[in-house]
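Q: My structure is in target_21.pdb, and what it holds is PDB, C-alpha atoms:
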ATOM      1  CA  MET Y   6      56.606 -14.004 -53.424  1.00  0.00           C
ATOM      2  CA  LYS Y   7      55.756 -17.604 -54.257  1.00  0.00           C
ATOM      3  CA  ALA Y   8      52.522 -18.580 -56.004  1.00  0.00           C
ATOM      4  CA  SER Y   9      49.949 -20.550 -54.043  1.00  0.00           C
ATOM      5  CA  ASN Y  10      49.040 -24.096 -55.077  1.00  0.00           C
ATOM      6  CA  LYS Y  11      45.339 -23.838 -54.138  1.00  0.00           C
ATOM      7  CA  LYS Y  12      43.465 -24.029 -57.448  1.00  0.00           C
ATOM      8  CA  ILE Y  13      40.449 -21.844 -58.113  1.00  0.00           C
ATOM      9  CA  GLY Y  14      39.792 -23.184 -61.581  1.00  0.00           C
ATOM     10  CA  THR Y  15      41.217 -24.535 -64.804  1.00  0.00           C
ATOM     11  CA  ILE Y  16      40.243 -23.328 -68.268  1.00  0.00           C
ATOM     12  CA  LYS Y  17      41.181 -25.973 -70.810  1.00  0.00           C
ATOM     13  CA  ALA Y  18      41.504 -25.157 -74.462  1.00  0.00           C
ATOM     14  CA  LYS Y  19      40.245 -27.594 -77.048  1.00  0.00           C
ATOM     15  CA  ILE Y  20      42.251 -28.454 -80.121  1.00  0.00           C
ATOM     16  CA  GLY Y  21      39.809 -28.283 -82.996  1.00  0.00           C
ATOM     17  CA  SER Y  22      39.057 -31.175 -85.285  1.00  0.00           C
ATOM     18  CA  VAL Y  23      40.169 -29.100 -88.283  1.00  0.00           C
ATOM     19  CA  GLU Y  24      43.658 -28.764 -86.802  1.00  0.00           C
ATOM     20  CA  ILE Y  25      43.836 -32.475 -85.979  1.00  0.00           C
ATOM     21  CA  VAL Y  26      42.618 -33.565 -89.423  1.00  0.00           C
ATOM     22  CA  THR Y  27      45.045 -31.156 -91.109  1.00  0.00           C
ATOM     23  CA  LEU Y  28      47.961 -32.420 -89.019  1.00  0.00           C
ATOM     24  CA  VAL Y  29      47.085 -36.060 -89.784  1.00  0.00           C
ATOM     25  CA  ALA Y  30      46.792 -35.230 -93.504  1.00  0.00           C
ATOM     26  CA  PHE Y  31      50.210 -33.539 -93.463  1.00  0.00           C
ATOM     27  CA  ILE Y  32      51.764 -36.522 -91.669  1.00  0.00           C
ATOM     28  CA  ILE Y  33      50.252 -38.949 -94.207  1.00  0.00           C
ATOM     29  CA  LEU Y  34      51.460 -36.734 -97.055  1.00  0.00           C
ATOM     30  CA  LEU Y  35      54.924 -36.596 -95.491  1.00  0.00           C
ATOM     31  CA  THR Y  36      55.042 -40.392 -95.096  1.00  0.00           C
ATOM     32  CA  VAL Y  37      53.967 -41.007 -98.707  1.00  0.00           C
ATOM     33  CA  SER Y  38      56.456 -38.414 -99.958  1.00  0.00           C
ATOM     34  CA  ILE Y  39      59.326 -40.023 -98.041  1.00  0.00           C
ATOM     35  CA  GLN Y  40      58.395 -43.436 -99.469  1.00  0.00           C
ATOM     36  CA  GLN Y  41      58.317 -42.001-103.013  1.00  0.00           C
ATOM     37  CA  PHE Y  42      61.617 -40.201-102.415  1.00  0.00           C
ATOM     38  CA  ILE Y  43      63.250 -43.510-101.459  1.00  0.00           C
ATOM     39  CA  ARG Y  44      61.568 -45.499-104.287  1.00  0.00           C
ATOM     40  CA  GLU Y  45      62.640 -43.041-106.989  1.00  0.00           C
ATOM     41  CA  ASP Y  46      66.319 -43.167-106.033  1.00  0.00           C
ATOM     42  CA  PHE Y  47      66.391 -39.914-104.056  1.00  0.00           C
ATOM     43  CA  LYS Y  48      65.350 -37.516-106.836  1.00  0.00           C
ATOM     44  CA  THR Y  49      65.713 -33.866-105.886  1.00  0.00           C
ATOM     45  CA  ASP Y  50      62.128 -33.023-106.890  1.00  0.00           C
ATOM     46  CA  TRP Y  51      60.920 -34.843-103.800  1.00  0.00           C
ATOM     47  CA  ILE Y  52      63.248 -32.850-101.549  1.00  0.00           C
ATOM     48  CA  TYR Y  53      61.349 -29.639-102.365  1.00  0.00           C
ATOM     49  CA  LEU Y  54      58.032 -31.310-101.563  1.00  0.00           C
ATOM     50  CA  LEU Y  55      59.375 -32.783 -98.312  1.00  0.00           C
ATOM     51  CA  PHE Y  56      60.796 -29.411 -97.284  1.00  0.00           C
ATOM     52  CA  SER Y  57      57.468 -27.681 -98.074  1.00  0.00           C
ATOM     53  CA  ILE Y  58      55.485 -30.243 -96.067  1.00  0.00           C
ATOM     54  CA  LEU Y  59      57.840 -29.870 -93.092  1.00  0.00           C
ATOM     55  CA  ILE Y  60      57.436 -26.078 -93.204  1.00  0.00           C
ATOM     56  CA  LEU Y  61      53.631 -26.425 -93.305  1.00  0.00           C
ATOM     57  CA  ILE Y  62      53.658 -28.869 -90.365  1.00  0.00           C
ATOM     58  CA  THR Y  63      55.872 -26.476 -88.384  1.00  0.00           C
ATOM     59  CA  LEU Y  64      53.543 -23.544 -89.123  1.00  0.00           C
ATOM     60  CA  LEU Y  65      50.478 -25.595 -88.152  1.00  0.00           C
ATOM     61  CA  LEU Y  66      52.080 -26.679 -84.874  1.00  0.00           C
ATOM     62  CA  ALA Y  67      53.083 -23.075 -84.123  1.00  0.00           C
ATOM     63  CA  PHE Y  68      49.490 -21.981 -84.799  1.00  0.00           C
ATOM     64  CA  ILE Y  69      48.090 -24.697 -82.515  1.00  0.00           C
ATOM     65  CA  ASN Y  70      50.595 -23.760 -79.821  1.00  0.00           C
ATOM     66  CA  TYR Y  71      49.691 -20.042 -80.084  1.00  0.00           C
ATOM     67  CA  LYS Y  72      45.920 -20.473 -80.229  1.00  0.00           C
ATOM     68  CA  ASN Y  73      45.296 -23.092 -77.543  1.00  0.00           C
ATOM     69  CA  LYS Y  74      46.160 -21.943 -74.047  1.00  0.00           C
ATOM     70  CA  THR Y  75      45.223 -23.816 -70.885  1.00  0.00           C
ATOM     71  CA  ILE Y  76      44.878 -21.444 -67.940  1.00  0.00           C
ATOM     72  CA  ILE Y  77      45.326 -22.654 -64.377  1.00  0.00           C
ATOM     73  CA  LEU Y  78      44.056 -20.201 -61.772  1.00  0.00           C
ATOM     74  CA  THR Y  79      45.196 -20.364 -58.157  1.00  0.00           C
ATOM     75  CA  VAL Y  80      44.467 -17.992 -55.280  1.00  0.00           C
ATOM     76  CA  ASP Y  81      47.227 -15.553 -56.216  1.00  0.00           C
ATOM     77  CA  SER Y  82      48.545 -16.561 -59.649  1.00  0.00           C
ATOM     78  CA  MET Y  83      47.627 -17.487 -63.210  1.00  0.00           C
ATOM     79  CA  THR Y  84      49.595 -20.059 -65.204  1.00  0.00           C
ATOM     80  CA  ILE Y  85      49.365 -20.146 -68.996  1.00  0.00           C
ATOM     81  CA  LYS Y  86      50.264 -23.530 -70.531  1.00  0.00           C
ATOM     82  CA  ARG Y  87      50.564 -24.342 -74.220  1.00  0.00           C
ATOM     83  CA  PRO Y  88      49.603 -27.762 -75.651  1.00  0.00           C
ATOM     84  CA  LEU Y  89      53.055 -28.652 -76.974  1.00  0.00           C
ATOM     85  CA  GLY Y  90      54.719 -27.847 -73.675  1.00  0.00           C
ATOM     86  CA  LEU Y  91      57.045 -25.334 -75.279  1.00  0.00           C
ATOM     87  CA  TYR Y  92      55.835 -22.430 -73.188  1.00  0.00           C
ATOM     88  CA  SER Y  93      54.513 -22.146 -69.689  1.00  0.00           C
ATOM     89  CA  LYS Y  94      54.414 -18.885 -67.768  1.00  0.00           C
ATOM     90  CA  THR Y  95      53.079 -18.015 -64.342  1.00  0.00           C
ATOM     91  CA  TYR Y  96      51.851 -14.509 -63.542  1.00  0.00           C
ATOM     92  CA  LEU Y  97      51.244 -13.363 -59.991  1.00  0.00           C
ATOM     93  CA  LYS Y  98      47.974 -11.500 -59.474  1.00  0.00           C
ATOM     94  CA  GLU Y  99      49.946  -8.300 -58.800  1.00  0.00           C
ATOM     95  CA  GLN Y 100      51.507  -8.545 -62.283  1.00  0.00           C
ATOM     96  CA  LEU Y 101      48.102  -8.503 -64.008  1.00  0.00           C
ATOM     97  CA  LYS Y 102      46.242  -5.306 -64.825  1.00  0.00           C
ATOM     98  CA  GLY Y 103      42.960  -6.948 -65.854  1.00  0.00           C
ATOM     99  CA  TYR Y 104      41.068  -8.152 -68.908  1.00  0.00           C
ATOM    100  CA  ASP Y 105      38.954  -6.581 -71.606  1.00  0.00           C
ATOM    101  CA  LEU Y 106      36.742  -7.698 -74.472  1.00  0.00           C
ATOM    102  CA  GLN Y 107      37.874  -6.687 -77.954  1.00  0.00           C
ATOM    103  CA  GLU Y 108      35.514  -6.698 -80.925  1.00  0.00           C
ATOM    104  CA  TYR Y 109      36.752  -8.248 -84.167  1.00  0.00           C
ATOM    105  CA  TYR Y 110      35.368  -9.573 -87.437  1.00  0.00           C
ATOM    106  CA  ASP Y 111      34.939 -13.347 -87.622  1.00  0.00           C
ATOM    107  CA  ASN Y 112      34.099 -14.799 -91.027  1.00  0.00           C
ATOM    108  CA  GLN Y 113      31.960 -17.532 -89.478  1.00  0.00           C
ATOM    109  CA  ILE Y 114      29.859 -15.584 -86.996  1.00  0.00           C
ATOM    110  CA  GLY Y 115      30.368 -11.968 -88.067  1.00  0.00           C
ATOM    111  CA  LEU Y 116      31.055  -9.476 -85.297  1.00  0.00           C
ATOM    112  CA  ALA Y 117      32.515 -11.218 -82.234  1.00  0.00           C
ATOM    113  CA  ARG Y 118      34.499 -10.474 -79.073  1.00  0.00           C
ATOM    114  CA  GLN Y 119      37.669 -12.003 -77.740  1.00  0.00           C
ATOM    115  CA  ILE Y 120      39.214 -11.778 -74.282  1.00  0.00           C
ATOM    116  CA  ARG Y 121      42.536 -10.014 -73.802  1.00  0.00           C
ATOM    117  CA  ILE Y 122      44.338 -10.291 -70.458  1.00  0.00           C
ATOM    118  CA  TRP Y 123      46.684  -7.371 -69.818  1.00  0.00           C
ATOM    119  CA  THR Y 124      49.809  -7.462 -67.679  1.00  0.00           C
ATOM    120  CA  LYS Y 125      51.054  -4.366 -65.851  1.00  0.00           C
ATOM    121  CA  ASP Y 126      53.896  -4.013 -68.358  1.00  0.00           C
ATOM    122  CA  ASP Y 127      51.261  -3.726 -71.163  1.00  0.00           C
ATOM    123  CA  LYS Y 128      51.702  -7.193 -72.655  1.00  0.00           C
ATOM    124  CA  GLN Y 129      48.521  -8.928 -73.707  1.00  0.00           C
ATOM    125  CA  ILE Y 130      47.452 -12.553 -73.606  1.00  0.00           C
ATOM    126  CA  ILE Y 131      44.741 -13.168 -76.194  1.00  0.00           C
ATOM    127  CA  LEU Y 132      42.230 -15.929 -75.563  1.00  0.00           C
ATOM    128  CA  ILE Y 133      40.840 -16.805 -78.990  1.00  0.00           C
ATOM    129  CA  ARG Y 134      37.133 -17.670 -79.046  1.00  0.00           C
ATOM    130  CA  ASP Y 135      37.519 -20.779 -81.221  1.00  0.00           C
ATOM    131  CA  ALA Y 136      39.986 -22.357 -78.787  1.00  0.00           C
ATOM    132  CA  TYR Y 137      37.404 -22.841 -76.008  1.00  0.00           C
ATOM    133  CA  SER Y 138      34.193 -24.840 -76.149  1.00  0.00           C
ATOM    134  CA  ASP Y 139      32.480 -22.672 -73.489  1.00  0.00           C
ATOM    135  CA  TYR Y 140      33.752 -19.116 -73.872  1.00  0.00           C
ATOM    136  CA  GLU Y 141      31.313 -17.767 -71.265  1.00  0.00           C
ATOM    137  CA  ARG Y 142      32.876 -20.085 -68.683  1.00  0.00           C
ATOM    138  CA  VAL Y 143      36.233 -18.421 -69.372  1.00  0.00           C
ATOM    139  CA  LEU Y 144      34.701 -15.083 -68.370  1.00  0.00           C
ATOM    140  CA  MET Y 145      33.172 -16.599 -65.228  1.00  0.00           C
ATOM    141  CA  GLU Y 146      36.516 -18.119 -64.195  1.00  0.00           C
ATOM    142  CA  LEU Y 147      38.284 -14.774 -64.686  1.00  0.00           C
ATOM    143  CA  LYS Y 148      35.633 -13.085 -62.517  1.00  0.00           C
ATOM    144  CA  LYS Y 149      36.093 -15.796 -59.861  1.00  0.00           C
ATOM    145  CA  PHE Y 150      39.835 -15.100 -60.018  1.00  0.00           C
ATOM    146  CA  ASP Y 151      38.900 -11.486 -59.204  1.00  0.00           C
ATOM    147  CA  LEU Y 152      40.633 -10.045 -62.258  1.00  0.00           C
ATOM    148  CA  THR Y 153      39.657  -6.448 -63.002  1.00  0.00           C
ATOM    149  CA  TYR Y 154      37.331  -5.934 -65.974  1.00  0.00           C
ATOM    150  CA  LEU Y 155      38.762  -3.092 -68.088  1.00  0.00           C
ATOM    151  CA  GLY Y 156      35.801  -2.664 -70.438  1.00  0.00           C
ATOM    152  CA  THR Y 157      35.043  -3.385 -74.063  1.00  0.00           C
ATOM    153  CA  VAL Y 158      37.135  -2.165 -76.980  1.00  0.00           C
ATOM    154  CA  GLU Y 159      34.676  -1.695 -79.825  1.00  0.00           C
ATOM    155  CA  LEU Y 160      35.511  -1.395 -83.487  1.00  0.00           C
ATOM    156  CA  THR Y 161      35.162   2.165 -84.666  1.00  0.00           C
ATOM    157  CA  ALA Y 162      33.951   1.432 -88.201  1.00  0.00           C
ATOM    158  CA  LYS Y 163      30.670   3.158 -88.975  1.00  0.00           C
ATOM    159  CA  TYR Y 164      29.218   0.121 -90.737  1.00  0.00           C
ATOM    160  CA  LYS Y 165      30.811  -2.606 -88.593  1.00  0.00           C
ATOM    161  CA  LYS Y 166      27.736  -4.870 -88.517  1.00  0.00           C
ATOM    162  CA  LEU Y 167      27.349  -4.573 -92.279  1.00  0.00           C
ATOM    163  CA  ILE Y 168      31.032  -5.441 -92.757  1.00  0.00           C
ATOM    164  CA  GLY Y 169      30.637  -8.479 -90.474  1.00  0.00           C
ATOM    165  CA  ILE Y 170      27.628  -9.710 -92.479  1.00  0.00           C
ATOM    166  CA  GLY Y 171      29.533  -9.021 -95.711  1.00  0.00           C
ATOM    167  CA  LEU Y 172      32.423 -11.194 -94.532  1.00  0.00           C
ATOM    168  CA  GLN Y 173      30.020 -14.039 -93.769  1.00  0.00           C
ATOM    169  CA  ILE Y 174      28.462 -13.747 -97.237  1.00  0.00           C
ATOM    170  CA  ILE Y 175      31.883 -13.690 -98.906  1.00  0.00           C
ATOM    171  CA  THR Y 176      32.911 -16.832 -97.001  1.00  0.00           C
ATOM    172  CA  VAL Y 177      29.759 -18.695 -98.056  1.00  0.00           C
ATOM    173  CA  LEU Y 178      30.117 -17.552-101.684  1.00  0.00           C
ATOM    174  CA  THR Y 179      33.749 -18.646-101.764  1.00  0.00           C
ATOM    175  CA  MET Y 180      32.821 -22.099-100.492  1.00  0.00           C
ATOM    176  CA  LEU Y 181      30.011 -22.363-103.045  1.00  0.00           C
ATOM    177  CA  MET Y 182      32.370 -21.349-105.849  1.00  0.00           C
ATOM    178  CA  LEU Y 183      34.921 -23.977-104.803  1.00  0.00           C
ATOM    179  CA  VAL Y 184      32.263 -26.704-104.658  1.00  0.00           C
ATOM    180  CA  THR Y 185      30.812 -25.616-108.006  1.00  0.00           C
ATOM    181  CA  SER Y 186      34.218 -25.624-109.701  1.00  0.00           C
ATOM    182  CA  ALA Y 187      34.955 -29.092-108.290  1.00  0.00           C
ATOM    183  CA  LEU Y 188      31.587 -30.324-109.597  1.00  0.00           C
ATOM    184  CA  ILE Y 189      32.231 -28.855-113.054  1.00  0.00           C
ATOM    185  CA  ARG Y 190      35.686 -30.472-113.187  1.00  0.00           C
ATOM    186  CA  SER Y 191      34.245 -33.851-112.187  1.00  0.00           C
ATOM    187  CA  LEU Y 192      31.580 -33.680-114.903  1.00  0.00           C
ATOM    188  CA  LYS Y 193      34.118 -33.095-117.708  1.00  0.00           C
TER     189      LYS Y 193
END
Mind turning the file's structure into structure tokens?
A:
Amino acid sequence: MKASNKKIGTIKAKIGSVEIVTLVAFIILLTVSIQQFIREDFKTDWIYLLFSILILITLLLAFINYKNKTIILTVDSMTIKRPLGLYSKTYLKEQLKGYDLQEYYDNQIGLARQIRIWTKDDKQIILIRDAYSDYERVLMELKKFDLTYLGTVELTAKYKKLIGIGLQIITVLTMLMLVTSALIRSLK
């Protein structure tokens, strides 16, 4: 059975500014390292740095490609596209079981929920909250697509809200400690 071309909706992922700034910083660091490698007569110390930077760039690109999924919904199919064009897959509506909301701990907002789309062969497609500017619109588009809602998978921890708040506090304290240590070093 061939998928229809009549679009119902498109859910575009946004690539965050943190990812873009990090990628630009890695590219600048790589460029400077290559220039230094050439200027210093190809010393082997620079090879290790260049190799490390290339590994970090590869990991960052893999993370961006995993996190940011554009979803194109048609009458009878769903196409998942990745930003780097390395992966594109079309699922017919009959191949999809439905979607659910899974609770998880987020260090920025505490207890949060993410959308998981399930296929009939029990594979899941996770739509990460940070990848979409309007996460509620994602839910509306999936409802318009007439995908079955499978429920909410809640965390079973007794003190889950307290743990979520604790993670937020730890994140803020870590940032404060880093800023304080940088200030102390600059004053010396």
Q: Y:Leu65, Y:Met83, Y:Met145, Y:Met180: which is nearest Lys11 of chain Y, counting only C-alpha atoms?
A: Y:Met83
Q: Need the shell around segment 149-154 of chain Y: protein/DNA/RNA residues with any atom at most 7 Å away, counting all atoms listed in the file. Skip same-chain ones fewer than 3 positions apart. Format as a list of chain:residue names?
A: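 Counting only the stated atoms, we get Y:Leu78, Y:Lys102, Y:Gly103, Y:Tyr104, Y:Asp105, Y:Met145, Y:Glu146.
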Q: Take the residues from that selection and write them out as an mmCIF file, in the coordinates of the input, keeping C-alpha atoms.
A:
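Saved the output as result-v2.cif:
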data_model
loop_
_atom_site.group_PDB
_atom_site.id
_atom_site.type_symbol
_atom_site.label_atom_id
_atom_site.label_comp_id
_atom_site.auth_asym_id
_atom_site.auth_seq_id
_atom_site.Cartn_x
_atom_site.Cartn_y
_atom_site.Cartn_z
ATOM 1 C CA LEU Y 78 44.056 -20.201 -61.772
ATOM 2 C CA LYS Y 102 46.242 -5.306 -64.825
ATOM 3 C CA GLY Y 103 42.960 -6.948 -65.854
ATOM 4 C CA TYR Y 104 41.068 -8.152 -68.908
ATOM 5 C CA ASP Y 105 38.954 -6.581 -71.606
ATOM 6 C CA MET Y 145 33.172 -16.599 -65.228
ATOM 7 C CA GLU Y 146 36.516 -18.119 -64.195
#
Q: Any idea what the distance is between atom CA of Thr157 of chain Y and atom CA of Asp127 of chain Y?
A: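 So the answer is 16.5 Å.
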Q: Could you check how far atom CA of Thr36 of chain Y sits from atom CA of Ile62 of chain Y, in Å to one decimal?
A: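 Going from atom CA of Thr36 of chain Y over to atom CA of Ile62 of chain Y covers 12.5 Å.
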Q: Between Y:Ile69, Y:Ile174, Y:Ala18, Y:Ile189, single out the one closest to Leu89 of chain Y, counting only C-alpha atoms.
A: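 Among the listed residues, the smallest separation from Leu89 of chain Y belongs to Y:Ile69.
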Q: Here is a test: counting all atoms listed in the file, which residue of Y:Leu97, Y:Ile20, Y:Leu172, Y:Val177 is nearest to Asp81 of chain Y?
A: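 Looking only at the distances to Asp81 of chain Y, the closest residue turns out to be Y:Leu97.
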Q: Near segment 131-133 of chain Y, counting all atoms listed in the file, which residues have an atom at most 10 Å away, once you skip same-chain residues fewer than 4 positions from it, shown as a PyMOL selection string?
A: chain Y and resi 18+71-76+104-107+118-123+137+140+143
Q: Any chance you can output those residues with C-alpha atoms as a short mmCIF file (atom, residue, chain, number, x, y, z; two decimals), in the coordinates of the input?
A:
data_model
loop_
_atom_site.label_atom_id
_atom_site.label_comp_id
_atom_site.auth_asym_id
_atom_site.auth_seq_id
_atom_site.Cartn_x
_atom_site.Cartn_y
_atom_site.Cartn_z
CA ALA Y 18 41.50 -25.16 -74.46
CA TYR Y 71 49.69 -20.04 -80.08
CA LYS Y 72 45.92 -20.47 -80.23
CA ASN Y 73 45.30 -23.09 -77.54
CA LYS Y 74 46.16 -21.94 -74.05
CA THR Y 75 45.22 -23.82 -70.89
CA ILE Y 76 44.88 -21.44 -67.94
CA TYR Y 104 41.07 -8.15 -68.91
CA ASP Y 105 38.95 -6.58 -71.61
CA LEU Y 106 36.74 -7.70 -74.47
CA GLN Y 107 37.87 -6.69 -77.95
CA ARG Y 118 34.50 -10.47 -79.07
CA GLN Y 119 37.67 -12.00 -77.74
CA ILE Y 120 39.21 -11.78 -74.28
CA ARG Y 121 42.54 -10.01 -73.80
CA ILE Y 122 44.34 -10.29 -70.46
CA TRP Y 123 46.68 -7.37 -69.82
CA TYR Y 137 37.40 -22.84 -76.01
CA TYR Y 140 33.75 -19.12 -73.87
CA VAL Y 143 36.23 -18.42 -69.37
#
Q: Can you work out the spacing between atom CA of Glu99 of chain Y and atom CA of Ile85 of chain Y in Å, to one decimal?
A: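 Going from atom CA of Glu99 of chain Y over to atom CA of Ile85 of chain Y covers 15.6 Å.
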Q: Segment 32-35 of chain Y, all listed atoms, 4 Å padding on each side: what axis-aligned box centre and edge lengths in Å to one decimal come out, as JSON?
A:
{"center_x": 52.6, "center_y": -37.7, "center_z": -94.4, "size_x": 12.7, "size_y": 10.4, "size_z": 13.4}
Q: Out of Y:Thr27, Y:Thr79, Y:Ser93, Y:Ser38, which residue has the shortest atom-to-atom distance to Leu66 of chain Y when counting only C-alpha atoms?
A: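 Nearest to Leu66 of chain Y: Y:Thr27.
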Q: Skipping near chain neighbours, those fewer than 5 positions away, what residues fall within 10 Å of segment 53-59 of chain Y using only C-alpha atoms, listed as a PyMOL selection string?
A: chain Y and resi 31-32+34-39+42+48+64-65
